[in-house]
>>> print(open('start27.txt').read())   # compact mmCIF, C-alpha atoms
# COMPACT_ATOMS: atom_id res chain seq x y z
CA MET A 1 71.96 84.05 73.38
CA ASP A 2 75.38 83.98 75.07
CA TYR A 3 78.47 84.47 72.94
CA PHE A 4 80.84 83.75 75.82
CA ASP A 5 81.87 80.46 77.33
CA PHE A 6 81.33 81.33 80.97
CA SER A 7 78.53 81.41 83.50
CA PRO A 8 77.30 84.47 85.45
CA ALA A 9 79.41 83.16 88.34
CA MET A 10 82.49 84.36 86.45
CA MET A 11 81.20 87.92 86.12
CA THR A 12 83.09 88.77 89.27
CA ASP A 13 86.44 89.73 90.73
CA MET A 14 89.08 87.14 91.47
CA TYR A 15 89.25 87.96 95.16
CA GLU A 16 85.71 86.72 95.73
CA TYR A 17 86.99 83.22 94.94
CA THR A 18 90.27 83.53 96.79
CA MET A 19 88.36 84.66 99.91
CA LEU A 20 86.06 81.67 99.48
CA ASP A 21 89.04 79.32 99.19
CA ALA A 22 90.62 80.66 102.38
CA ALA A 23 87.31 80.60 104.27
CA LEU A 24 86.76 76.96 103.29
CA ARG A 25 90.22 76.15 104.67
CA ASP A 26 89.83 78.01 107.98
CA GLY A 27 86.23 76.99 108.73
CA THR A 28 84.47 80.36 108.42
CA ALA A 29 82.85 79.63 105.06
CA ASN A 30 79.69 78.27 106.68
CA ARG A 31 79.20 81.13 109.11
CA ARG A 32 75.82 82.74 108.60
CA CYS A 33 76.18 86.32 107.34
CA VAL A 34 74.17 89.35 106.31
CA PHE A 35 75.54 91.61 103.57
CA GLU A 36 73.95 94.89 102.47
CA VAL A 37 74.14 97.14 99.42
CA PHE A 38 73.92 100.90 99.97
CA ALA A 39 75.31 104.21 98.72
CA ARG A 40 76.97 106.54 101.19
CA HIS A 41 75.80 109.55 99.21
CA LEU A 42 73.80 110.34 96.10
CA PRO A 43 75.59 111.07 92.81
CA LEU A 44 76.37 114.68 91.97
CA ARG A 45 73.32 116.96 91.60
CA ARG A 46 70.89 114.15 92.43
CA ARG A 47 68.17 114.70 95.04
CA TYR A 48 67.01 111.09 94.90
CA GLY A 49 68.04 107.83 93.32
CA VAL A 50 65.90 105.19 91.61
CA VAL A 51 66.47 101.48 92.22
CA ALA A 52 66.65 99.31 89.10
CA GLY A 53 68.16 95.97 88.18
CA LEU A 54 66.55 93.57 90.67
CA GLY A 55 64.81 91.63 87.91
CA ARG A 56 68.10 91.22 86.03
CA ILE A 57 69.85 90.07 89.21
CA LEU A 58 67.25 87.36 89.76
CA GLU A 59 67.65 86.17 86.16
CA TYR A 60 71.42 85.91 86.64
CA LEU A 61 70.96 84.13 89.96
CA LYS A 62 69.16 81.24 88.25
CA ASP A 63 72.41 80.28 86.50
CA PHE A 64 74.89 81.57 89.06
CA LYS A 65 77.09 78.48 89.25
CA PRO A 66 80.52 77.92 87.68
CA ASN A 67 80.36 75.52 84.74
CA GLU A 68 83.04 72.95 83.95
CA SER A 69 84.83 75.38 81.62
CA ASP A 70 84.93 77.96 84.40
CA LEU A 71 86.27 75.43 86.88
CA LYS A 72 88.93 74.24 84.44
CA TYR A 73 90.05 77.84 83.89
CA MET A 74 90.35 78.45 87.63
CA LYS A 75 92.21 75.19 88.15
CA ASP A 76 94.59 75.68 85.20
CA ASN A 77 95.42 79.21 86.31
CA GLY A 78 95.84 78.40 89.99
CA ILE A 79 93.03 80.71 91.07
CA VAL A 80 91.78 78.41 93.83
CA SER A 81 92.69 75.04 95.32
CA ASP A 82 91.42 71.67 94.14
CA GLU A 83 89.33 71.43 97.30
CA CYS A 84 87.61 74.71 96.44
CA ILE A 85 87.00 73.49 92.88
CA GLU A 86 85.21 70.43 94.22
CA TRP A 87 83.11 72.58 96.57
CA LEU A 88 82.14 74.85 93.68
CA ARG A 89 80.85 71.88 91.68
CA GLY A 90 78.01 71.64 94.18
CA TYR A 91 77.45 75.37 94.63
CA GLU A 92 73.92 76.74 94.69
CA PHE A 93 72.60 79.85 96.40
CA HIS A 94 70.30 78.76 99.22
CA GLY A 95 70.20 82.12 100.95
CA SER A 96 67.62 84.90 101.03
CA ILE A 97 67.53 88.35 99.44
CA TRP A 98 65.44 91.34 100.48
CA ALA A 99 65.48 94.45 98.35
CA TYR A 100 63.89 97.78 97.57
CA ARG A 101 61.49 97.06 94.72
CA GLU A 102 62.41 98.37 91.28
CA GLY A 103 61.23 101.93 90.82
CA GLU A 104 61.63 102.72 94.52
CA MET A 105 63.54 105.83 95.57
CA PHE A 106 66.76 105.50 97.51
CA PHE A 107 68.78 107.99 99.52
CA PRO A 108 72.15 108.02 101.34
CA ASN A 109 72.54 104.83 103.41
CA SER A 110 69.32 103.25 102.15
CA PRO A 111 69.84 99.44 102.41
CA VAL A 112 68.66 98.81 98.85
CA LEU A 113 69.52 95.11 98.93
CA GLN A 114 70.20 92.66 101.75
CA VAL A 115 71.64 89.16 101.35
CA GLU A 116 71.57 86.50 104.05
CA GLY A 117 73.21 83.10 103.87
CA SER A 118 76.54 81.46 104.53
CA PHE A 119 79.67 83.53 103.93
CA ALA A 120 80.55 81.17 101.08
CA GLU A 121 77.18 81.71 99.38
CA CYS A 122 77.06 85.46 99.81
CA VAL A 123 80.61 86.58 99.10
CA LEU A 124 80.57 85.35 95.50
CA LEU A 125 77.61 87.61 94.64
CA GLU A 126 79.30 90.93 95.46
CA THR A 127 80.66 92.04 92.09
CA LEU A 128 77.65 91.01 90.02
CA LEU A 129 75.16 92.62 92.42
CA LEU A 130 77.08 95.89 92.43
CA SER A 131 77.65 95.86 88.67
CA VAL A 132 73.93 95.53 87.96
CA LEU A 133 72.61 97.82 90.69
CA ASN A 134 75.16 100.59 90.15
CA TYR A 135 74.60 100.86 86.41
CA ASP A 136 70.88 100.15 86.17
CA SER A 137 70.03 102.48 89.05
CA ALA A 138 72.15 105.26 87.55
CA ILE A 139 70.30 104.94 84.23
CA ALA A 140 66.88 104.73 85.91
CA THR A 141 67.71 107.85 87.94
CA ALA A 142 68.75 109.75 84.82
CA ALA A 143 65.61 108.53 83.04
CA SER A 144 63.46 109.73 85.93
CA ARG A 145 64.97 113.20 85.81
CA ILE A 146 64.60 113.32 82.03
CA THR A 147 60.97 112.19 82.00
CA ALA A 148 60.11 114.54 84.87
CA ALA A 149 61.50 117.42 82.80
CA ALA A 150 59.57 116.18 79.75
CA GLY A 151 56.22 116.18 81.56
CA ASN A 152 53.56 114.40 79.50
CA ARG A 153 55.72 114.17 76.38
CA PRO A 154 57.04 110.63 75.90
CA CYS A 155 60.76 109.92 75.86
CA MET A 156 62.35 107.13 73.84
CA ASP A 157 65.76 105.52 74.32
CA MET A 158 68.07 105.95 71.33
CA GLY A 159 71.40 105.41 73.09
CA GLY A 160 72.42 101.94 71.99
CA ARG A 161 75.21 103.17 69.71
CA ARG A 162 76.81 105.20 72.50
CA ILE A 163 77.49 102.42 74.99
CA HIS A 164 78.73 98.82 75.17
CA GLU A 165 76.41 96.54 73.22
CA TRP A 166 75.30 94.54 76.29
CA ALA A 167 75.01 97.64 78.46
CA ALA A 168 72.68 99.11 75.82
CA ILE A 169 70.14 96.37 76.53
CA ALA A 170 70.36 96.92 80.28
CA ALA A 171 70.03 100.67 79.75
CA SER A 172 66.86 100.24 77.70
CA ARG A 173 65.30 98.21 80.51
CA ALA A 174 66.40 100.61 83.26
CA ALA A 175 65.06 103.56 81.26
CA ILE A 176 61.59 101.99 81.34
CA VAL A 177 61.76 101.86 85.16
CA GLY A 178 62.58 105.58 85.12
CA GLY A 179 59.59 106.42 82.94
CA PHE A 180 60.67 106.00 79.29
CA ALA A 181 58.08 104.78 76.81
CA GLY A 182 60.25 102.58 74.57
CA THR A 183 63.55 102.03 72.80
CA ALA A 184 65.24 101.90 69.41
CA ASN A 185 67.19 98.80 70.48
CA LEU A 186 65.71 95.67 68.89
CA ALA A 187 67.39 93.25 71.29
CA ALA A 188 65.98 95.07 74.32
CA ALA A 189 62.55 95.36 72.69
CA LYS A 190 62.48 91.63 71.99
CA LYS A 191 63.84 90.55 75.37
CA TYR A 192 61.60 92.76 77.51
CA GLY A 193 58.58 93.29 75.26
CA LEU A 194 59.18 97.00 74.83
CA LYS A 195 57.75 99.37 72.26
CA CYS A 196 60.36 99.77 69.52
CA ILE A 197 60.77 102.86 67.35
CA GLY A 198 62.79 103.84 64.26
CA THR A 199 62.36 104.87 60.64
CA ALA A 200 65.32 106.37 58.75
CA ALA A 201 68.63 108.17 59.28
CA HIS A 202 70.38 110.87 57.27
CA CYS A 203 72.20 108.24 55.21
CA PHE A 204 68.88 107.10 53.75
CA THR A 205 68.26 110.61 52.39
CA LEU A 206 71.84 110.92 51.15
CA VAL A 207 71.82 107.62 49.26
CA HIS A 208 68.96 108.87 47.08
CA ASP A 209 69.39 111.38 44.27
CA THR A 210 66.94 113.80 45.90
CA GLU A 211 65.27 114.23 49.25
CA ARG A 212 61.92 113.77 47.54
CA ASP A 213 63.03 110.35 46.26
CA ALA A 214 63.96 109.35 49.80
CA PHE A 215 60.62 110.47 51.23
CA VAL A 216 58.68 108.76 48.43
CA SER A 217 60.51 105.50 49.17
CA GLN A 218 60.06 105.70 52.94
CA ILE A 219 56.36 106.60 52.75
CA ALA A 220 55.71 103.91 50.15
CA THR A 221 57.32 101.33 52.42
CA LEU A 222 56.23 102.46 55.90
CA GLY A 223 53.02 104.33 55.12
CA LYS A 224 51.89 107.91 55.50
CA GLY A 225 52.00 107.59 59.29
CA THR A 226 55.81 107.32 59.28
CA THR A 227 58.15 109.95 60.73
CA VAL A 228 60.58 111.56 58.29
CA LEU A 229 63.92 113.13 59.17
CA THR A 230 63.88 116.75 57.99
CA ASP A 231 67.25 118.33 58.74
CA THR A 232 69.54 116.66 56.20
CA TYR A 233 69.51 119.78 54.00
CA ASN A 234 66.89 122.42 54.76
CA ILE A 235 64.08 121.82 57.27
CA GLU A 236 61.55 124.13 55.64
CA GLU A 237 61.99 122.55 52.21
CA ALA A 238 61.94 119.04 53.71
CA ILE A 239 58.63 119.66 55.48
CA ARG A 240 57.07 121.05 52.31
CA THR A 241 58.25 118.05 50.31
CA ALA A 242 57.14 115.52 52.94
CA VAL A 243 53.62 116.94 53.08
CA GLU A 244 53.45 117.04 49.29
CA VAL A 245 54.37 113.34 49.19
CA ALA A 246 52.29 112.07 52.13
CA GLY A 247 49.59 114.70 52.27
CA PRO A 248 48.28 116.14 55.53
CA GLU A 249 48.19 112.58 56.94
CA LEU A 250 51.98 112.64 57.39
CA GLY A 251 52.63 110.97 60.75
CA GLY A 252 55.56 112.96 62.02
CA ILE A 253 58.81 114.79 61.45
CA ARG A 254 62.09 114.55 63.36
CA ILE A 255 64.54 117.40 63.90
CA ASP A 256 68.07 116.41 64.91
CA SER A 257 70.07 119.66 64.83
CA GLY A 258 70.05 123.40 65.34
CA ASP A 259 68.13 125.53 67.81
CA LEU A 260 65.51 122.89 68.58
CA ALA A 261 62.99 125.22 70.22
CA THR A 262 63.04 127.69 67.31
CA MET A 263 63.07 124.94 64.71
CA ALA A 264 60.12 123.20 66.36
CA GLN A 265 58.13 126.42 66.56
CA ARG A 266 58.72 127.20 62.86
CA ALA A 267 57.97 123.60 61.90
CA ARG A 268 54.67 123.60 63.80
CA LYS A 269 53.57 126.82 62.13
CA GLN A 270 54.54 125.50 58.71
CA LEU A 271 52.87 122.12 59.20
CA ASP A 272 49.65 123.78 60.34
CA SER A 273 49.68 126.12 57.35
CA LEU A 274 49.98 123.09 55.06
CA GLY A 275 47.02 121.40 56.72
CA ALA A 276 49.17 118.81 58.53
CA THR A 277 47.79 119.81 61.93
CA LYS A 278 48.11 116.32 63.41
CA THR A 279 51.66 115.69 62.22
CA THR A 280 53.84 115.26 65.33
CA ILE A 281 57.28 116.73 66.00
CA THR A 282 60.04 114.66 67.57
CA VAL A 283 63.38 116.21 68.50
CA THR A 284 66.70 114.48 69.13
CA ASN A 285 70.37 115.59 69.33
CA ASP A 286 72.22 114.94 72.63
CA LEU A 287 69.25 115.74 74.84
CA ASP A 288 69.31 115.57 78.63
CA GLU A 289 67.07 116.77 81.45
CA TYR A 290 68.41 120.33 81.17
CA SER A 291 67.90 120.74 77.42
CA ILE A 292 64.48 119.09 77.65
CA ALA A 293 63.46 121.45 80.45
CA ALA A 294 64.47 124.33 78.18
CA LEU A 295 62.09 122.98 75.53
CA ALA A 296 59.06 123.00 77.85
CA THR A 297 57.28 125.77 75.93
CA ALA A 298 58.27 124.54 72.46
CA PRO A 299 55.64 122.66 70.38
CA VAL A 300 57.41 119.31 70.71
CA ASP A 301 55.48 116.03 70.94
CA SER A 302 58.21 113.56 71.93
CA TYR A 303 61.93 113.24 72.60
CA GLY A 304 64.58 110.77 71.51
CA VAL A 305 67.38 110.59 74.09
CA GLY A 306 70.69 108.83 73.55
CA THR A 307 74.14 109.51 74.94
CA ARG A 308 73.12 111.34 78.10
CA LEU A 309 70.63 108.65 79.08
CA VAL A 310 72.89 105.61 78.70
CA THR A 311 75.77 107.35 80.51
CA GLY A 312 73.57 108.31 83.45
CA SER A 313 73.48 111.97 82.40
CA GLY A 314 76.92 112.49 83.87
CA CYS A 315 76.62 109.91 86.67
CA ALA A 316 77.18 106.43 85.22
CA THR A 317 77.34 104.78 88.65
CA CYS A 318 75.63 105.21 92.01
CA ASN A 319 78.77 104.29 93.99
CA MET A 320 76.92 101.53 95.84
CA VAL A 321 78.95 99.20 98.05
CA TYR A 322 78.41 95.67 99.40
CA LYS A 323 79.30 95.33 103.07
CA LEU A 324 79.14 92.62 105.70
CA VAL A 325 77.05 93.97 108.59
CA GLU A 326 76.24 90.89 110.66
CA ARG A 327 77.76 87.45 111.04
CA GLU A 328 77.75 84.34 113.19
CA ASN A 329 80.53 84.41 115.75
CA GLY A 330 82.55 81.56 117.21
CA ALA A 331 79.82 80.90 119.75
CA GLY A 332 77.22 80.47 117.03
CA GLU A 333 75.46 83.75 117.81
CA MET A 334 74.67 86.48 115.30
CA ALA A 335 76.60 89.67 116.04
CA PRO A 336 77.08 93.03 114.33
CA VAL A 337 80.29 93.89 112.45
CA ALA A 338 81.31 97.24 111.00
CA LYS A 339 84.20 99.08 109.36
CA LYS A 340 85.67 101.95 111.35
CA SER A 341 88.00 103.39 108.73
CA PHE A 342 87.83 107.17 108.33
CA GLY A 343 85.32 108.25 105.71
CA LYS A 344 84.18 104.68 105.10
CA ALA A 345 82.69 103.64 108.42
CA THR A 346 79.66 101.36 108.30
CA THR A 347 76.84 100.56 110.71
CA GLY A 348 76.63 97.03 112.08
CA TRP A 349 73.54 94.83 112.26
CA ARG A 350 71.02 94.06 109.54
CA LYS A 351 68.59 96.86 108.66
CA ARG A 352 64.88 97.47 108.39
CA ALA A 353 64.02 100.42 106.15
CA LEU A 354 60.84 102.46 106.45
CA ARG A 355 59.57 105.65 104.88
CA SER A 356 57.35 108.01 106.84
CA TYR A 357 54.53 110.04 105.27
CA GLN A 358 52.42 112.97 106.34
CA TYR A 359 49.51 114.29 104.28
CA GLY A 360 50.50 111.80 101.59
CA LEU A 361 54.00 113.25 101.19
CA ALA A 362 57.23 111.47 102.14
CA GLN A 363 58.91 113.24 105.03
CA GLY A 364 61.83 110.98 105.86
CA GLU A 365 63.49 107.59 105.65
CA LEU A 366 64.13 105.61 108.80
CA VAL A 367 66.79 102.89 108.79
CA LEU A 368 66.69 100.66 111.85
CA ALA A 369 69.78 98.63 112.72
CA GLY A 370 69.46 95.67 115.04
CA SER A 371 69.01 91.95 115.50
CA LYS A 372 66.35 90.17 113.49
CA GLU A 373 64.20 89.79 116.59
CA SER A 374 64.42 93.45 117.65
CA LEU A 375 63.62 94.67 114.13
CA GLU A 376 60.54 92.47 113.89
CA LYS A 377 59.20 93.74 117.23
CA TRP A 378 59.75 97.46 116.58
CA THR A 379 56.70 99.61 115.93
CA ALA A 380 56.78 103.22 114.76
CA PRO A 381 55.84 105.93 117.29
CA ALA A 382 52.90 108.14 116.34
CA GLU A 383 55.16 111.10 115.52
CA TYR A 384 56.48 109.24 112.47
CA GLY A 385 53.04 109.46 110.85
CA ASP A 386 52.18 106.78 108.30
CA VAL A 387 55.08 104.42 107.66
CA LYS A 388 55.81 101.93 104.91
CA ASP A 389 58.30 99.06 104.98
CA LEU A 390 60.54 99.29 101.92
CA LEU A 391 62.22 95.88 101.73
CA ILE A 392 60.46 93.04 99.91
CA CYS A 393 61.54 89.39 99.78
CA ALA A 394 62.98 88.53 96.36
CA VAL A 395 64.61 85.20 97.24
CA ASP A 396 63.44 83.03 100.13
CA HIS A 397 65.99 80.37 101.09
CA GLY A 398 67.01 79.90 97.48
CA GLN A 399 63.50 80.19 96.03
CA ILE A 400 63.41 83.07 93.53
CA ASP A 401 60.24 85.13 93.22
CA GLU A 402 59.81 84.66 89.49
CA SER A 403 57.06 87.30 89.33
CA LEU A 404 59.73 89.98 89.78
CA THR A 405 61.44 89.02 86.50
CA THR A 406 58.49 89.38 84.11
CA ARG A 407 57.58 92.08 81.60
CA ASP A 408 54.56 92.92 83.75
CA ALA A 409 56.86 93.49 86.70
CA LEU A 410 58.99 95.87 84.63
CA PHE A 411 56.04 98.05 83.66
CA ALA A 412 54.63 97.80 87.18
CA ALA A 413 57.96 99.20 88.38
CA ARG A 414 57.55 102.18 86.03
CA ASP A 415 54.04 102.84 87.35
CA TYR A 416 55.19 102.41 90.93
CA HIS A 417 58.05 104.84 90.39
CA LYS A 418 55.74 107.50 89.00
CA ALA A 419 53.45 107.17 92.02
CA GLU A 420 56.39 107.37 94.43
CA LEU A 421 57.81 110.42 92.65
CA ASP A 422 54.49 112.19 93.09
CA GLU A 423 54.80 111.61 96.85
CA LEU A 424 58.20 113.29 97.19
CA PRO A 425 58.47 116.96 98.18
CA ILE A 426 58.31 119.11 95.06
CA GLY A 427 61.95 120.15 95.52
CA ALA A 428 62.96 116.64 94.45
CA LEU A 429 62.26 117.65 90.86
CA SER A 430 64.66 120.57 90.94
CA LEU A 431 67.58 120.20 88.52
CA SER A 432 69.87 122.41 90.58
CA GLU A 433 72.29 121.12 93.20
CA GLY A 434 70.80 120.57 96.62
CA ASP A 435 70.29 118.20 99.53
CA PRO A 436 68.48 114.87 99.21
CA ALA A 437 64.72 115.33 98.87
CA ILE A 438 64.17 113.70 102.27
CA ASN A 439 66.51 113.01 105.16
CA THR A 440 67.61 109.54 106.25
CA GLN A 441 67.83 108.73 109.96
CA THR A 442 69.67 105.62 111.13
CA LEU A 443 68.55 104.28 114.53
CA ASN A 444 70.44 101.47 116.28
CA ILE A 445 68.00 99.43 118.34
CA GLY A 446 70.40 96.55 119.02
>>> encode(input="start27.txt", output="structure tokens")
Amino acid sequence: MDYFDFSPAMMTDMYEYTMLDAALRDGTANRRCVFEVFARHLPLRRRYGVVAGLGRILEYLKDFKPNESDLKYMKDNGIVSDECIEWLRGYEFHGSIWAYREGEMFFPNSPVLQVEGSFAECVLLETLLLSVLNYDSAIATAASRITAAAGNRPCMDMGGRRIHEWAAIAASRAAIVGGFAGTANLAAAKKYGLKCIGTAAHCFTLVHDTERDAFVSQIATLGKGTTVLTDTYNIEEAIRTAVEVAGPELGGIRIDSGDLATMAQRARKQLDSLGATKTTITVTNDLDEYSIAALATAPVDSYGVGTRLVTGSGCATCNMVYKLVERENGAGEMAPVAKKSFGKATTGWRKRALRSYQYGLAQGELVLAGSKESLEKWTAPAEYGDVKDLLICAVDHGQIDESLTTRDALFAARDYHKAELDELPIGALSLSEGDPAINTQTLNIG
């Protein structure tokens, strides 16, 4: 359901359209181009990044065309010329997109997404592509670090109230790519077929005359297998009351404050003494990868993670950029183009990305820059060990690979990510500052 009267083609910056208008006037709009998305460096304290958002991009691309309301707005506000308005009425993306699959690792200068088509087709996609990839990948990376710290204990997204309402849905999806098991957000659960969790908050206890009354009501409604919140007043008394009401079949308790490790240890001992040996313990309260790592020895069964997840655990963007790297020149030949500005230089030519492995462990990322023909012919020397091409075709001359937008694809991305994480050097899991887990080498083969 869309509450706004605009198409995805308006989720962009004005200069995408003003560039299009000028290019249509000067004749460069139809020049074939290759744009690429990459990050010059990883966010602070990250040793790897996780790609997420491709499925959402493909969904947006289906409707990426200004509607009549959009065109009227641009005309009435003098954004572009009448000639450009008429051109936009027939706009459709007929280009091709290659990308790192969702769940794949990325490193500095990894070409995570590549767009080929006319300048007019490609330039309009910049802002939306970066908006989705920067946020979703930041959340997936944070989720990966959090779930790695959690080990076999499941993590659930509870961050919807800490972020913009639409971003909350995107965050829930990206968290799945990074290894989360489900979400508290009903919209995300419905849209993507996710496991949804939730029982009661402190207000439910407070609205009743006693904590016992609240527990009786919740258990009568949701069953003995429900999870009760125990830290509204006194955790020890709450556990005793909950077991008295539900019996030893009580499903679980949640602790949302205090010294979580100590509270969980005491709660486990108390539950066992009351015969509730199978009652689980969930902890919440501004958790992140660091606080979860500190709870590794505590008797905790699952984690609910909110604010730190949906804000990227301190890195809410991956600082990815969208740059033109190859274009058709006046002679009709494809040629490399690159920025030379200090600190922001780019490498010309389209890229082919490969990862090399030895003994089943990733040892480096190789980014080849060159013409389409030279990239297709290149074969890896023996010293690179086993190599894997990283770019997959997501859109082929306007035809979207619909299989990449499904629920199955989302959970396949989570499984793929876990397998790829297991193939990184063990230092990738360190939470301390350090270099990227593997090095990236860029080789220009012309």
>>> closest_residue(input="start27.txt", among="A:Ile97, A:Ala338, A:Val80, A:Leu88", to="Asp396 of chain A", atoms="all atoms listed in the file")
A:Ile97
>>> closest_residue(input="start27.txt", among="A:Asp231, A:Glu104, A:Glu116, A:Glu236", to="Val283 of chain A", atoms="only C-alpha atoms")
A:Asp231
>>> axis_aligned_box(input="start27.txt", around="segment 96-109 of chain A", padding_each_side="4 Å", output="AutoDock Vina command-line options")
--center_x 66.9 --center_y 96.5 --center_z 97.1 --size_x 19.3 --size_y 31.1 --size_z 20.6
>>> residues_around(input="start27.txt", residues="segment 67-75 of chain A", least_positions_apart="3", cutoff="10 Å", atoms="all atoms listed in the file", output="VMD selection string")
chain A and resid 5 to 10 14 17 63 to 64 78 to 82 84 to 86 88 to 89
>>> closest_atom_pairs(input="start27.txt", of="segment 80-130 of chain A", to="segment 350-359 of chain A", cutoff="9 Å", atoms="all atoms listed in the file", output="tab-separated table")
residue	atom	partner	partner_atom	distance
A:Tyr100	CA	A:Ala353	CA	9.0
A:Ser110	CA	A:Ala353	CA	7.2
A:Pro111	CA	A:Lys351	CA	6.9
A:Val112	CA	A:Ala353	CA	8.8
A:Gln114	CA	A:Arg350	CA	8.0
>>> closest_residue(input="start27.txt", among="A:Ala394, A:Glu289, A:Ala413, A:Glu59", to="Ala99 of chain A", atoms="all atoms listed in the file")
A:Ala394
>>> closest_residue(input="start27.txt", among="A:Ile57, A:Ala23, A:Gly90, A:Ala140", to="Arg414 of chain A", atoms="only C-alpha atoms")
A:Ala140
>>> residues_around(input="start27.txt", residues="Asn285 of chain A", least_positions_apart="3", cutoff="9 Å", atoms="only C-alpha atoms", output="PyMOL selection string")
chain A and resi 255-258+260+304-306
>>> closest_residue(input="start27.txt", among="A:Glu121, A:Asp157, A:Glu36, A:Glu376", to="Tyr303 of chain A", atoms="all atoms listed in the file")
A:Asp157
>>> closest_residue(input="start27.txt", among="A:Arg101, A:Lys269, A:Lys62, A:His41", to="Asp389 of chain A", atoms="all atoms listed in the file")
A:Arg101
>>> atom_distance(input="start27.txt", atom1="atom CA of Ala362 of chain A", atom2="atom CA of Glu383 of chain A")
13.5 Å
>>> residues_around(input="start27.txt", residues="segment 212-217 of chain A", least_positions_apart="4", cutoff="10 Å", atoms="all atoms listed in the file", output="list in words")
Ala200, His202, Cys203, Phe204, Thr205, Leu206, Val207, His208, Thr221, Leu222, Gly223, Lys224, Thr226, Thr227, Val228, Leu229, Thr230, Glu237, Ala238, Arg240, Thr241, Ala242, Val243, Glu244, Val245 and Ala246 of chain A
>>> atom_distance(input="start27.txt", atom1="atom CA of Trp166 of chain A", atom2="atom CA of Val132 of chain A")
11.8 Å
>>> atom_distance(input="start27.txt", atom1="atom CA of Pro66 of chain A", atom2="atom CA of Leu404 of chain A")
24.1 Å
>>> residues_around(input="start27.txt", residues="Gly434 of chain A", least_positions_apart="2", cutoff="12 Å", atoms="all atoms listed in the file", output="list in words")
Leu42, Pro43, Leu44, Arg45, Arg46, Arg47, Tyr48, Gly427, Ala428, Leu429, Ser430, Leu431, Ser432, Pro436, Ala437 and Ile438 of chain A
>>> build_atoms(input="start27.txt", residues="segment 86-90 of chain A", atoms="all heavy atoms", output="PDB file, keeping the file's coordinate frame")
ATOM      1  N   GLU A  86      86.199  71.469  93.944  1.00  0.00           N
ATOM      2  CA  GLU A  86      85.210  70.430  94.220  1.00  0.00           C
ATOM      3  C   GLU A  86      84.002  71.017  94.938  1.00  0.00           C
ATOM      4  O   GLU A  86      82.862  70.636  94.669  1.00  0.00           O
ATOM      5  CB  GLU A  86      85.837  69.313  95.052  1.00  0.00           C
ATOM      6  CG  GLU A  86      86.788  68.425  94.265  1.00  0.00           C
ATOM      7  CD  GLU A  86      86.124  67.879  93.012  1.00  0.00           C
ATOM      8  OE1 GLU A  86      85.022  67.307  93.106  1.00  0.00           O
ATOM      9  OE2 GLU A  86      86.701  68.034  91.910  1.00  0.00           O
ATOM     10  N   TRP A  87      84.231  71.943  95.864  1.00  0.00           N
ATOM     11  CA  TRP A  87      83.110  72.580  96.570  1.00  0.00           C
ATOM     12  C   TRP A  87      82.241  73.355  95.582  1.00  0.00           C
ATOM     13  O   TRP A  87      81.007  73.315  95.657  1.00  0.00           O
ATOM     14  CB  TRP A  87      83.657  73.518  97.653  1.00  0.00           C
ATOM     15  CG  TRP A  87      82.587  74.118  98.509  1.00  0.00           C
ATOM     16  CD1 TRP A  87      82.091  73.628  99.668  1.00  0.00           C
ATOM     17  CD2 TRP A  87      81.875  75.345  98.261  1.00  0.00           C
ATOM     18  NE1 TRP A  87      81.110  74.449 100.162  1.00  0.00           N
ATOM     19  CE2 TRP A  87      80.955  75.512  99.321  1.00  0.00           C
ATOM     20  CE3 TRP A  87      81.910  76.307  97.254  1.00  0.00           C
ATOM     21  CZ2 TRP A  87      80.094  76.601  99.398  1.00  0.00           C
ATOM     22  CZ3 TRP A  87      81.053  77.390  97.323  1.00  0.00           C
ATOM     23  CH2 TRP A  87      80.153  77.539  98.380  1.00  0.00           C
ATOM     24  N   LEU A  88      82.879  74.039  94.653  1.00  0.00           N
ATOM     25  CA  LEU A  88      82.140  74.850  93.680  1.00  0.00           C
ATOM     26  C   LEU A  88      81.291  73.990  92.746  1.00  0.00           C
ATOM     27  O   LEU A  88      80.275  74.467  92.224  1.00  0.00           O
ATOM     28  CB  LEU A  88      83.110  75.707  92.866  1.00  0.00           C
ATOM     29  CG  LEU A  88      83.708  76.907  93.607  1.00  0.00           C
ATOM     30  CD1 LEU A  88      84.871  77.506  92.825  1.00  0.00           C
ATOM     31  CD2 LEU A  88      82.639  77.968  93.863  1.00  0.00           C
ATOM     32  N   ARG A  89      81.653  72.749  92.539  1.00  0.00           N
ATOM     33  CA  ARG A  89      80.850  71.880  91.680  1.00  0.00           C
ATOM     34  C   ARG A  89      79.446  71.684  92.250  1.00  0.00           C
ATOM     35  O   ARG A  89      78.498  71.431  91.512  1.00  0.00           O
ATOM     36  CB  ARG A  89      81.539  70.522  91.515  1.00  0.00           C
ATOM     37  CG  ARG A  89      82.641  70.532  90.484  1.00  0.00           C
ATOM     38  CD  ARG A  89      82.964  69.132  89.967  1.00  0.00           C
ATOM     39  NE  ARG A  89      83.817  69.218  88.793  1.00  0.00           N
ATOM     40  CZ  ARG A  89      85.145  69.226  88.836  1.00  0.00           C
ATOM     41  NH1 ARG A  89      85.765  69.100  89.999  1.00  0.00           N
ATOM     42  NH2 ARG A  89      85.837  69.330  87.726  1.00  0.00           N
ATOM     43  N   GLY A  90      79.316  71.812  93.552  1.00  0.00           N
ATOM     44  CA  GLY A  90      78.010  71.640  94.180  1.00  0.00           C
ATOM     45  C   GLY A  90      77.375  72.946  94.616  1.00  0.00           C
ATOM     46  O   GLY A  90      76.371  72.940  95.339  1.00  0.00           O
TER      47      GLY A  90
END
